[in-house]
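Colleague: Below is the file my_file-v6.cif, which contains mmCIF, C-alpha atoms and all ligand atoms.
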data_my_file
#
loop_
_atom_site.group_PDB
_atom_site.id
_atom_site.type_symbol
_atom_site.label_atom_id
_atom_site.label_comp_id
_atom_site.auth_asym_id
_atom_site.auth_seq_id
_atom_site.Cartn_x
_atom_site.Cartn_y
_atom_site.Cartn_z
ATOM 1 C CA GLY B 291 -47.022 -0.524 -1.746
ATOM 2 C CA GLU B 292 -46.258 0.433 1.846
ATOM 3 C CA ASP B 293 -47.193 3.872 3.129
ATOM 4 C CA SER B 294 -44.041 5.919 3.252
ATOM 5 C CA VAL B 295 -43.080 6.340 6.908
ATOM 6 C CA ALA B 296 -41.933 9.898 7.615
ATOM 7 C CA SER B 297 -38.508 9.727 9.217
ATOM 8 C CA SER B 298 -38.669 10.741 12.873
ATOM 9 C CA GLU B 299 -35.313 12.607 12.841
ATOM 10 C CA ALA B 300 -35.038 16.209 11.610
ATOM 11 C CA GLY B 301 -33.769 16.499 8.046
ATOM 12 C CA GLY B 302 -35.001 13.016 7.186
ATOM 13 C CA SER B 303 -31.553 11.472 7.793
ATOM 14 C CA SER B 304 -31.690 7.679 8.275
ATOM 15 C CA ASP B 305 -29.417 6.088 10.895
ATOM 16 C CA THR B 306 -27.431 4.300 8.175
ATOM 17 C CA ILE B 307 -23.877 5.642 7.945
ATOM 18 C CA THR B 308 -22.832 6.831 4.488
ATOM 19 C CA MET B 309 -19.082 6.667 3.740
ATOM 20 C CA GLY B 310 -17.355 8.226 0.757
ATOM 21 C CA PHE B 311 -14.171 6.290 -0.102
ATOM 22 C CA ALA B 312 -11.641 7.727 -2.599
ATOM 23 C CA GLN B 313 -9.434 4.805 -3.668
ATOM 24 C CA VAL B 314 -5.996 5.225 -5.327
ATOM 25 C CA GLY B 315 -6.694 3.058 -8.372
ATOM 26 C CA ALA B 316 -6.379 -0.610 -9.385
ATOM 27 C CA GLU B 317 -2.613 -0.642 -10.049
ATOM 28 C CA SER B 318 -1.691 -3.841 -8.224
ATOM 29 C CA GLY B 319 -2.937 -7.099 -6.759
ATOM 30 C CA TRP B 320 -2.642 -5.459 -3.360
ATOM 31 C CA ARG B 321 -4.937 -2.612 -4.388
ATOM 32 C CA THR B 322 -7.669 -4.845 -5.760
ATOM 33 C CA ALA B 323 -7.556 -6.965 -2.586
ATOM 34 C CA ASN B 324 -7.757 -3.745 -0.544
ATOM 35 C CA THR B 325 -10.803 -2.563 -2.520
ATOM 36 C CA LYS B 326 -12.518 -5.936 -2.031
ATOM 37 C CA SER B 327 -11.855 -5.764 1.728
ATOM 38 C CA ILE B 328 -13.347 -2.262 2.007
ATOM 39 C CA GLN B 329 -16.456 -3.135 -0.017
ATOM 40 C CA GLU B 330 -17.084 -6.400 1.867
ATOM 41 C CA SER B 331 -16.516 -4.815 5.281
ATOM 42 C CA ALA B 332 -18.874 -1.910 4.491
ATOM 43 C CA LYS B 333 -21.602 -4.389 3.543
ATOM 44 C CA ALA B 334 -21.023 -6.444 6.679
ATOM 45 C CA ALA B 335 -21.182 -3.306 8.822
ATOM 46 C CA GLY B 336 -24.356 -2.008 7.144
ATOM 47 C CA ILE B 337 -22.494 1.109 5.988
ATOM 48 C CA GLU B 338 -23.570 2.641 2.666
ATOM 49 C CA LEU B 339 -20.359 3.000 0.588
ATOM 50 C CA LYS B 340 -19.785 5.531 -2.177
ATOM 51 C CA PHE B 341 -16.592 4.411 -3.969
ATOM 52 C CA SER B 342 -14.314 6.045 -6.551
ATOM 53 C CA ASP B 343 -11.139 4.900 -8.407
ATOM 54 C CA ALA B 344 -8.690 7.755 -9.125
ATOM 55 C CA GLN B 345 -6.484 5.859 -11.627
ATOM 56 C CA GLN B 346 -3.528 6.861 -9.401
ATOM 57 C CA LYS B 347 -4.113 10.587 -10.034
ATOM 58 C CA GLN B 348 -4.189 12.959 -7.058
ATOM 59 C CA GLU B 349 -6.491 15.436 -8.801
ATOM 60 C CA ASN B 350 -9.091 12.686 -9.233
ATOM 61 C CA GLN B 351 -8.917 11.798 -5.547
ATOM 62 C CA ILE B 352 -9.359 15.478 -4.612
ATOM 63 C CA LYS B 353 -12.363 15.735 -6.977
ATOM 64 C CA ALA B 354 -13.915 12.636 -5.392
ATOM 65 C CA ILE B 355 -13.441 14.027 -1.872
ATOM 66 C CA ARG B 356 -15.048 17.318 -2.941
ATOM 67 C CA SER B 357 -18.035 15.442 -4.366
ATOM 68 C CA TYR B 358 -18.430 13.519 -1.100
ATOM 69 C CA ILE B 359 -18.437 16.854 0.768
ATOM 70 C CA GLN B 360 -21.173 18.154 -1.566
ATOM 71 C CA GLN B 361 -23.178 14.951 -1.042
ATOM 72 C CA LYS B 362 -22.868 15.519 2.722
ATOM 73 C CA VAL B 363 -21.657 11.979 3.456
ATOM 74 C CA ASP B 364 -21.255 11.143 7.154
ATOM 75 C CA VAL B 365 -17.570 10.209 6.868
ATOM 76 C CA ILE B 366 -14.833 10.362 4.216
ATOM 77 C CA ALA B 367 -12.003 7.818 3.954
ATOM 78 C CA PHE B 368 -9.174 7.579 1.427
ATOM 79 C CA SER B 369 -5.696 6.263 0.712
ATOM 80 C CA PRO B 370 -3.608 9.309 -0.355
ATOM 81 C CA VAL B 371 -1.785 8.395 -3.578
ATOM 82 C CA VAL B 372 1.088 10.746 -2.576
ATOM 83 C CA GLU B 373 1.999 12.323 0.777
ATOM 84 C CA THR B 374 1.738 16.015 -0.146
ATOM 85 C CA GLY B 375 -0.962 18.449 -1.347
ATOM 86 C CA TRP B 376 -3.963 17.477 0.818
ATOM 87 C CA ASP B 377 -4.324 20.341 3.299
ATOM 88 C CA SER B 378 -6.818 22.492 1.369
ATOM 89 C CA VAL B 379 -9.317 19.724 0.543
ATOM 90 C CA LEU B 380 -9.013 18.341 4.068
ATOM 91 C CA GLN B 381 -9.711 21.826 5.452
ATOM 92 C CA GLU B 382 -12.861 21.923 3.273
ATOM 93 C CA ALA B 383 -13.994 18.604 4.818
ATOM 94 C CA LYS B 384 -13.248 19.974 8.294
ATOM 95 C CA ARG B 385 -15.279 23.145 7.599
ATOM 96 C CA ALA B 386 -18.135 20.907 6.403
ATOM 97 C CA LYS B 387 -17.816 18.996 9.720
ATOM 98 C CA ILE B 388 -17.220 15.686 7.900
ATOM 99 C CA PRO B 389 -14.630 13.491 9.682
ATOM 100 C CA VAL B 390 -11.848 12.019 7.537
ATOM 101 C CA ILE B 391 -10.083 8.673 8.051
ATOM 102 C CA LEU B 392 -6.784 7.844 6.307
ATOM 103 C CA THR B 393 -6.164 4.226 5.310
ATOM 104 C CA ASP B 394 -3.060 2.530 3.879
ATOM 105 C CA ARG B 395 -0.950 5.601 2.977
ATOM 106 C CA ALA B 396 -0.158 8.721 5.035
ATOM 107 C CA VAL B 397 -0.244 12.467 4.315
ATOM 108 C CA ASP B 398 2.440 14.964 5.374
ATOM 109 C CA SER B 399 -0.054 17.481 6.834
ATOM 110 C CA GLU B 400 1.324 19.176 9.956
ATOM 111 C CA ASP B 401 -2.242 19.778 11.153
ATOM 112 C CA GLU B 402 -3.346 16.496 12.739
ATOM 113 C CA THR B 403 -6.884 17.808 13.262
ATOM 114 C CA LEU B 404 -7.416 17.266 9.509
ATOM 115 C CA TYR B 405 -8.017 13.537 10.023
ATOM 116 C CA GLU B 406 -9.313 11.351 12.853
ATOM 117 C CA THR B 407 -6.932 8.407 12.468
ATOM 118 C CA PHE B 408 -4.497 6.725 10.047
ATOM 119 C CA ILE B 409 -4.923 2.955 9.660
ATOM 120 C CA GLY B 410 -2.094 1.199 7.826
ATOM 121 C CA SER B 411 1.269 -0.530 7.836
ATOM 122 C CA ASP B 412 4.594 0.818 9.035
ATOM 123 C CA PHE B 413 6.352 1.067 5.659
ATOM 124 C CA VAL B 414 9.736 1.976 7.170
ATOM 125 C CA GLU B 415 9.552 -1.255 9.181
ATOM 126 C CA GLU B 416 8.750 -3.150 5.970
ATOM 127 C CA GLY B 417 11.827 -1.691 4.251
ATOM 128 C CA LYS B 418 13.960 -2.565 7.283
ATOM 129 C CA LYS B 419 12.730 -6.185 7.273
ATOM 130 C CA ALA B 420 13.717 -6.458 3.586
ATOM 131 C CA GLY B 421 17.183 -5.011 4.234
ATOM 132 C CA GLU B 422 17.783 -7.082 7.362
ATOM 133 C CA TRP B 423 17.020 -10.285 5.440
ATOM 134 C CA LEU B 424 19.507 -9.309 2.711
ATOM 135 C CA VAL B 425 22.241 -8.495 5.262
ATOM 136 C CA GLN B 426 21.950 -11.914 6.871
ATOM 137 C CA GLU B 427 21.621 -13.580 3.456
ATOM 138 C CA VAL B 428 24.785 -12.170 1.782
ATOM 139 C CA GLY B 429 27.087 -11.537 4.771
ATOM 140 C CA THR B 430 30.203 -9.716 3.511
ATOM 141 C CA ALA B 431 29.863 -10.701 -0.178
ATOM 142 C CA GLU B 432 29.964 -7.804 -2.670
ATOM 143 C CA THR B 433 26.279 -7.287 -3.539
ATOM 144 C CA ASN B 434 24.883 -4.963 -6.216
ATOM 145 C CA VAL B 435 21.214 -4.105 -5.651
ATOM 146 C CA VAL B 436 18.823 -2.436 -8.105
ATOM 147 C CA GLU B 437 15.698 -0.887 -6.572
ATOM 148 C CA LEU B 438 12.257 -0.771 -8.235
ATOM 149 C CA GLN B 439 10.586 2.062 -6.330
ATOM 150 C CA GLY B 440 6.858 2.565 -5.851
ATOM 151 C CA THR B 441 4.916 5.593 -7.074
ATOM 152 C CA THR B 442 7.060 8.766 -6.781
ATOM 153 C CA GLY B 443 6.032 10.689 -3.668
ATOM 154 C CA ALA B 444 3.917 7.891 -2.189
ATOM 155 C CA ALA B 445 4.483 7.150 1.510
ATOM 156 C CA PRO B 446 5.193 3.428 0.896
ATOM 157 C CA ALA B 447 7.795 4.347 -1.748
ATOM 158 C CA ASN B 448 9.560 6.924 0.438
ATOM 159 C CA ASP B 449 9.493 4.797 3.570
ATOM 160 C CA ARG B 450 10.360 1.406 2.019
ATOM 161 C CA ARG B 451 13.387 3.101 0.404
ATOM 162 C CA ASP B 452 14.443 4.682 3.728
ATOM 163 C CA GLY B 453 13.880 1.560 5.843
ATOM 164 C CA PHE B 454 15.927 -0.597 3.440
ATOM 165 C CA GLU B 455 18.748 1.974 3.308
ATOM 166 C CA GLU B 456 18.860 2.105 7.112
ATOM 167 C CA ALA B 457 19.038 -1.698 7.420
ATOM 168 C CA VAL B 458 21.920 -2.071 4.931
ATOM 169 C CA SER B 459 23.809 1.070 6.051
ATOM 170 C CA GLY B 460 26.116 -1.061 8.224
ATOM 171 C CA SER B 461 27.121 -3.307 5.283
ATOM 172 C CA PRO B 462 29.330 -1.367 2.837
ATOM 173 C CA ASN B 463 29.500 -4.500 0.661
ATOM 174 C CA ILE B 464 25.792 -4.020 -0.194
ATOM 175 C CA LYS B 465 25.382 -1.223 -2.751
ATOM 176 C CA VAL B 466 22.187 0.127 -4.317
ATOM 177 C CA ILE B 467 23.617 0.783 -7.807
ATOM 178 C CA ALA B 468 20.335 1.964 -9.427
ATOM 179 C CA SER B 469 16.879 3.131 -8.275
ATOM 180 C CA GLN B 470 13.863 4.039 -10.392
ATOM 181 C CA THR B 471 10.075 4.125 -10.011
ATOM 182 C CA GLY B 472 8.036 1.359 -11.607
ATOM 183 C CA ASP B 473 4.845 3.001 -10.264
ATOM 184 C CA PHE B 474 3.816 -0.164 -8.372
ATOM 185 C CA THR B 475 2.745 -1.857 -11.630
ATOM 186 C CA ARG B 476 3.877 -5.103 -13.286
ATOM 187 C CA SER B 477 4.523 -3.349 -16.618
ATOM 188 C CA GLY B 478 6.477 -0.593 -14.840
ATOM 189 C CA GLY B 479 8.648 -3.148 -13.061
ATOM 190 C CA LYS B 480 9.329 -5.013 -16.306
ATOM 191 C CA GLU B 481 10.278 -1.890 -18.308
ATOM 192 C CA VAL B 482 12.594 -0.520 -15.616
ATOM 193 C CA MET B 483 14.219 -3.914 -15.060
ATOM 194 C CA GLU B 484 14.885 -4.248 -18.813
ATOM 195 C CA ALA B 485 16.707 -0.900 -18.686
ATOM 196 C CA PHE B 486 18.633 -1.896 -15.538
ATOM 197 C CA LEU B 487 19.779 -5.152 -17.179
ATOM 198 C CA LYS B 488 21.030 -3.244 -20.231
ATOM 199 C CA SER B 489 23.018 -0.684 -18.217
ATOM 200 C CA ASN B 490 24.317 -2.813 -15.310
ATOM 201 C CA PRO B 491 26.401 -5.936 -16.170
ATOM 202 C CA ASP B 492 26.482 -7.208 -12.580
ATOM 203 C CA ILE B 493 23.128 -7.147 -10.765
ATOM 204 C CA ASP B 494 22.926 -9.516 -7.779
ATOM 205 C CA VAL B 495 19.618 -8.466 -6.178
ATOM 206 C CA VAL B 496 16.367 -6.705 -7.071
ATOM 207 C CA TYR B 497 14.575 -4.923 -4.216
ATOM 208 C CA ALA B 498 11.038 -4.207 -5.493
ATOM 209 C CA HIS B 499 8.657 -2.085 -3.366
ATOM 210 C CA ASN B 500 5.779 -4.429 -4.278
ATOM 211 C CA ASP B 501 5.137 -7.926 -5.670
ATOM 212 C CA ASP B 502 3.718 -6.622 -8.959
ATOM 213 C CA MET B 503 6.949 -4.848 -9.929
ATOM 214 C CA GLY B 504 8.894 -7.923 -8.794
ATOM 215 C CA LEU B 505 6.774 -10.101 -11.096
ATOM 216 C CA GLY B 506 7.489 -7.693 -13.959
ATOM 217 C CA ALA B 507 11.209 -7.905 -13.160
ATOM 218 C CA ILE B 508 11.025 -11.720 -13.347
ATOM 219 C CA GLU B 509 9.744 -11.454 -16.933
ATOM 220 C CA ALA B 510 12.629 -9.138 -17.864
ATOM 221 C CA ILE B 511 15.246 -11.331 -16.150
ATOM 222 C CA GLU B 512 14.013 -14.479 -17.895
ATOM 223 C CA ALA B 513 13.898 -12.658 -21.259
ATOM 224 C CA ALA B 514 17.576 -11.782 -20.661
ATOM 225 C CA GLY B 515 18.350 -15.487 -20.257
ATOM 226 C CA LYS B 516 19.005 -15.315 -16.504
ATOM 227 C CA VAL B 517 17.385 -17.300 -13.681
ATOM 228 C CA PRO B 518 15.322 -15.175 -11.240
ATOM 229 C CA GLY B 519 15.807 -16.267 -7.618
ATOM 230 C CA GLN B 520 19.252 -17.693 -8.472
ATOM 231 C CA ASP B 521 21.370 -15.530 -10.853
ATOM 232 C CA ILE B 522 19.500 -12.496 -9.515
ATOM 233 C CA LYS B 523 17.782 -12.700 -6.122
ATOM 234 C CA ILE B 524 14.487 -10.833 -5.669
ATOM 235 C CA ILE B 525 12.986 -9.270 -2.523
ATOM 236 C CA THR B 526 9.485 -7.797 -2.655
ATOM 237 C CA VAL B 527 6.779 -6.366 -0.360
ATOM 238 C CA ASP B 528 3.018 -7.213 -0.172
ATOM 239 C CA ALA B 529 2.701 -11.059 -0.217
ATOM 240 C CA VAL B 530 -0.324 -11.178 -2.541
ATOM 241 C CA LYS B 531 -1.146 -14.557 -4.092
ATOM 242 C CA ASP B 532 0.830 -14.106 -7.340
ATOM 243 C CA GLY B 533 3.892 -12.981 -5.375
ATOM 244 C CA MET B 534 3.588 -15.871 -2.943
ATOM 245 C CA GLN B 535 3.302 -18.309 -5.859
ATOM 246 C CA ALA B 536 6.533 -16.953 -7.400
ATOM 247 C CA LEU B 537 8.174 -17.216 -3.961
ATOM 248 C CA ALA B 538 7.048 -20.843 -3.598
ATOM 249 C CA ASP B 539 8.339 -21.481 -7.145
ATOM 250 C CA GLY B 540 11.785 -20.115 -6.180
ATOM 251 C CA LYS B 541 11.675 -17.076 -8.497
ATOM 252 C CA ILE B 542 11.436 -14.635 -5.557
ATOM 253 C CA ASN B 543 13.608 -15.147 -2.461
ATOM 254 C CA PHE B 544 11.849 -13.192 0.326
ATOM 255 C CA ILE B 545 8.583 -11.276 0.718
ATOM 256 C CA VAL B 546 7.651 -8.769 3.426
ATOM 257 C CA GLU B 547 3.895 -8.868 4.018
ATOM 258 C CA CYS B 548 1.785 -5.705 3.782
ATOM 259 C CA SER B 549 -1.805 -6.503 4.623
ATOM 260 C CA PRO B 550 -4.541 -5.014 2.346
ATOM 261 C CA LEU B 551 -7.290 -6.272 4.653
ATOM 262 C CA LEU B 552 -8.020 -2.889 6.260
ATOM 263 C CA GLY B 553 -11.791 -2.936 5.702
ATOM 264 C CA ASP B 554 -12.941 -4.129 9.121
ATOM 265 C CA GLN B 555 -10.631 -1.732 11.000
ATOM 266 C CA LEU B 556 -11.850 1.123 8.786
ATOM 267 C CA MET B 557 -15.559 0.454 9.362
ATOM 268 C CA ASP B 558 -14.984 -0.016 13.088
ATOM 269 C CA ALA B 559 -13.112 3.304 13.305
ATOM 270 C CA ALA B 560 -15.831 5.093 11.302
ATOM 271 C CA GLN B 561 -18.577 3.830 13.626
ATOM 272 C CA LYS B 562 -16.571 4.873 16.705
ATOM 273 C CA VAL B 563 -15.809 8.351 15.279
ATOM 274 C CA LEU B 564 -19.467 8.952 14.443
ATOM 275 C CA ALA B 565 -20.530 7.739 17.886
ATOM 276 C CA GLY B 566 -18.153 10.319 19.369
ATOM 277 C CA GLU B 567 -15.896 7.633 20.826
ATOM 278 C CA GLU B 568 -12.134 7.982 21.165
ATOM 279 C CA VAL B 569 -10.071 6.414 18.335
ATOM 280 C CA GLU B 570 -6.254 6.179 18.474
ATOM 281 C CA LYS B 571 -4.566 8.544 16.041
ATOM 282 C CA ARG B 572 -2.522 5.696 14.528
ATOM 283 C CA ILE B 573 -3.663 2.093 14.029
ATOM 284 C CA VAL B 574 -0.798 -0.119 12.763
ATOM 285 C CA THR B 575 -1.735 -3.310 10.912
ATOM 286 C CA GLU B 576 -0.092 -6.603 11.930
ATOM 287 C CA GLU B 577 2.065 -8.301 9.295
ATOM 288 C CA THR B 578 4.906 -10.798 8.897
ATOM 289 C CA THR B 579 7.498 -12.000 6.358
ATOM 290 C CA PHE B 580 7.807 -15.099 4.168
ATOM 291 C CA THR B 581 10.711 -17.280 2.982
ATOM 292 C CA GLN B 582 10.288 -19.744 0.102
ATOM 293 C CA GLU B 583 9.536 -22.634 2.483
ATOM 294 C CA GLN B 584 7.000 -20.546 4.416
ATOM 295 C CA ALA B 585 5.256 -19.571 1.154
ATOM 296 C CA VAL B 586 4.699 -23.218 0.241
ATOM 297 C CA GLU B 587 3.079 -23.710 3.678
ATOM 298 C CA ALA B 588 0.997 -20.500 3.616
ATOM 299 C CA LEU B 589 -0.263 -20.502 0.003
ATOM 300 C CA PRO B 590 -3.254 -22.851 0.437
ATOM 301 C CA THR B 591 -4.853 -20.593 3.052
ATOM 302 C CA ARG B 592 -3.934 -17.150 1.674
ATOM 303 C CA LYS B 593 -7.072 -14.963 1.486
ATOM 304 C CA TYR B 594 -5.706 -12.604 -1.200
HETATM 305 C C1 LIG B 601 0.894 -0.296 0.560
HETATM 306 C C2 LIG B 601 0.141 0.173 -0.664
HETATM 307 C C3 LIG B 601 0.941 -0.109 -1.887
HETATM 308 C C4 LIG B 601 1.171 -1.598 -2.115
HETATM 309 C C5 LIG B 601 1.183 -1.627 -3.598
HETATM 310 O O1 LIG B 601 0.094 -0.146 1.687
HETATM 311 O O2 LIG B 601 -0.100 1.565 -0.596
HETATM 312 O O3 LIG B 601 0.214 0.370 -3.022
HETATM 313 O O4 LIG B 601 2.368 -2.064 -1.543
HETATM 314 C C6 LIG B 601 0.002 -0.732 -3.905
HETATM 315 O O5 LIG B 601 1.001 -2.898 -4.158
HETATM 316 O O6 LIG B 601 -0.015 -0.356 -5.228
HETATM 317 ZN ZN ZN B 602 27.691 -9.383 -8.216
#
Step by step, read the file and then write its structure as structure tokens.
Ligand code: GZL
Ligand code: ZN
Modeller:
Amino acid sequence: GEDSVASSEAGGSSDTITMGFAQVGAESGWRTANTKSIQESAKAAGIELKFSDAQQKQENQIKAIRSYIQQKVDVIAFSPVVETGWDSVLQEAKRAKIPVILTDRAVDSEDETLYETFIGSDFVEEGKKAGEWLVQEVGTAETNVVELQGTTGAAPANDRRDGFEEAVSGSPNIKVIASQTGDFTRSGGKEVMEAFLKSNPDIDVVYAHNDDMGLGAIEAIEAAGKVPGQDIKIITVDAVKDGMQALADGKINFIVECSPLLGDQLMDAAQKVLAGEEVEKRIVTEETTFTQEQAVEALPTRKY
């Protein structure tokens, strides 16, 4: 074999960047597409990726971040499952002089020195787009909405709720008659929708914080003998392939896109941070919306 070449730098550190990424889980089509993007982008950037799946539990994400600190990775990145409770572990990373990058979801830390940048969508904007579409769709007609909320305490759940509320606040004919978390999962959306159908005789619209819960709601609506997309309109957020297919099939009426393809921006930010270059504190991802006609057009080229 080759002679081992002693590394020229002190401490034997190679110039390959090592990133520790603490992922939320694998709860939705969006999340698996996001994981794929991060893993592919790390490979393309020549960054060594240590990856963990927290099964949507904050304590598992905190454990993963602590293990990355012990392993002395060069940079830590994660998508905080909920907004609160991060200050102490982020202070430990800061004391260990390991920069942290937030992707996808935000934290409520007052101390902005605890992370270098936050790369992700504007969830309030997404909620507003959903509400604005409904306002123009129903006009002054009495409209009862049931809301399938994302994971309790998660930034996308809080903000998509608030953005939607703001957009429909000028239309007293549009009422959110029930709201409950479906935890961003298909099974959660189905179970909650079954309960909503039992307790609310007149539901006109479902506003689901992601496609997966919307797809679960479709199953419940069909099991109740109603036609999704017609008897009960459905608005969702994400625009992953399964959601876009249901939209093209007329079972969903409108989808607000939330891009999971954050990998390249994350690796680029990590390289800049480690090179001591300036990185904006907030990097907002570009995204659009889809009607049923637009879904038919877009489906063939959708990457996720
Ligand atoms: C949004 C992301 C959300 C998706 C859900 O950026 O945090 O989590 O909308 C996913 O599908 O579970
Ligand atoms: Zn009605």
Colleague: Would you give me, as a tab-separated table, each residue of chain B having an atom within 8 Å of an atom of ligand LIG 601 (chain B), along with its shortest atom pair and that distance in Å to one decimal, using all atoms listed in the file and sorting by chain and residue number?
Modeller:
residue	atom	partner	partner_atom	distance
B:Ala316	CA	B:LIG601	O6	7.6
B:Glu317	CA	B:LIG601	O6	5.5
B:Ser318	CA	B:LIG601	O6	4.9
B:Gly319	CA	B:LIG601	O5	6.3
B:Trp320	CA	B:LIG601	O5	4.5
B:Arg321	CA	B:LIG601	C6	5.3
B:Ser369	CA	B:LIG601	O2	7.4
B:Val371	CA	B:LIG601	O2	7.6
B:Asp394	CA	B:LIG601	O1	4.7
B:Arg395	CA	B:LIG601	O2	5.5
B:Gly410	CA	B:LIG601	O1	6.7
B:Ser411	CA	B:LIG601	O1	6.3
B:Phe413	CA	B:LIG601	O1	7.5
B:Gly440	CA	B:LIG601	C5	7.4
B:Thr441	CA	B:LIG601	O6	7.9
B:Ala444	CA	B:LIG601	O2	7.7
B:Ala445	CA	B:LIG601	O2	7.5
B:Pro446	CA	B:LIG601	C1	5.7
B:Asp473	CA	B:LIG601	O6	7.8
B:Phe474	CA	B:LIG601	O6	5.0
B:Thr475	CA	B:LIG601	O6	7.1
B:His499	CA	B:LIG601	O4	6.5
B:Asn500	CA	B:LIG601	O4	5.0
B:Asp501	CA	B:LIG601	O5	6.7
B:Asp502	CA	B:LIG601	O5	6.7
B:Val527	CA	B:LIG601	O4	6.3
B:Asp528	CA	B:LIG601	O4	5.4
B:Cys548	CA	B:LIG601	O1	6.2
B:Ser549	CA	B:LIG601	O1	7.3
B:Pro550	CA	B:LIG601	O1	6.8
Colleague: Once the PyMOL selection byres (((chain B and resi 468) around 9) and not hetatm) has been evaluated on this model, what residues remain selected, and can you format them as an NGL selection string?
Modeller: :B and (434-438 or 465-467 or 469-470 or 486 or 490)
Colleague: Name the residues, using the chain letters and numbers of the file, that sit within 9 Å of (-7.7, 2.8, 1.8) when counting only C-alpha atoms, and give them as a PyMOL selection string.
Modeller: chain B and resi 311-314+321+324-325+328+367-370+391-395+409-410+550+552-553+556
Colleague: With all atoms listed in the file counted, collect every polymer residue having an atom within 10 Å of ligand ZN 602 (chain B); state the result as a list of chain:residue names.
Modeller: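 Every residue with an atom at most 10 Å from ligand ZN 602 (chain B) is listed here: B:Ala431, B:Glu432, B:Thr433, B:Asn434, B:Val435, B:Ile464, B:Pro491, B:Asp492, B:Ile493, B:Asp494, B:Val495, B:Asp521, B:Ile522.
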Colleague: In Å, how far is it from atom CA of B:Gly417 to atom CA of B:Gly479?
Modeller: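 Spanning atom CA of B:Gly417 to atom CA of B:Gly479 is a straight-line distance of 17.7 Å.
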Colleague: Given the PyMOL selection byres (((chain B and resi 449) around 10) and not hetatm) and the file above, list the residues it selects as a list of chain:residue names.
Modeller: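 Evaluating the PyMOL selection byres (((chain B and resi 449) around 10) and not hetatm) on these coordinates yields B:Asp412, B:Phe413, B:Val414, B:Glu415, B:Glu416, B:Gly417, B:Lys418, B:Gly443, B:Ala444, B:Ala445, B:Pro446, B:Ala447, B:Asn448, B:Arg450, B:Arg451, B:Asp452, B:Gly453, B:Phe454, B:Glu455, B:His499.
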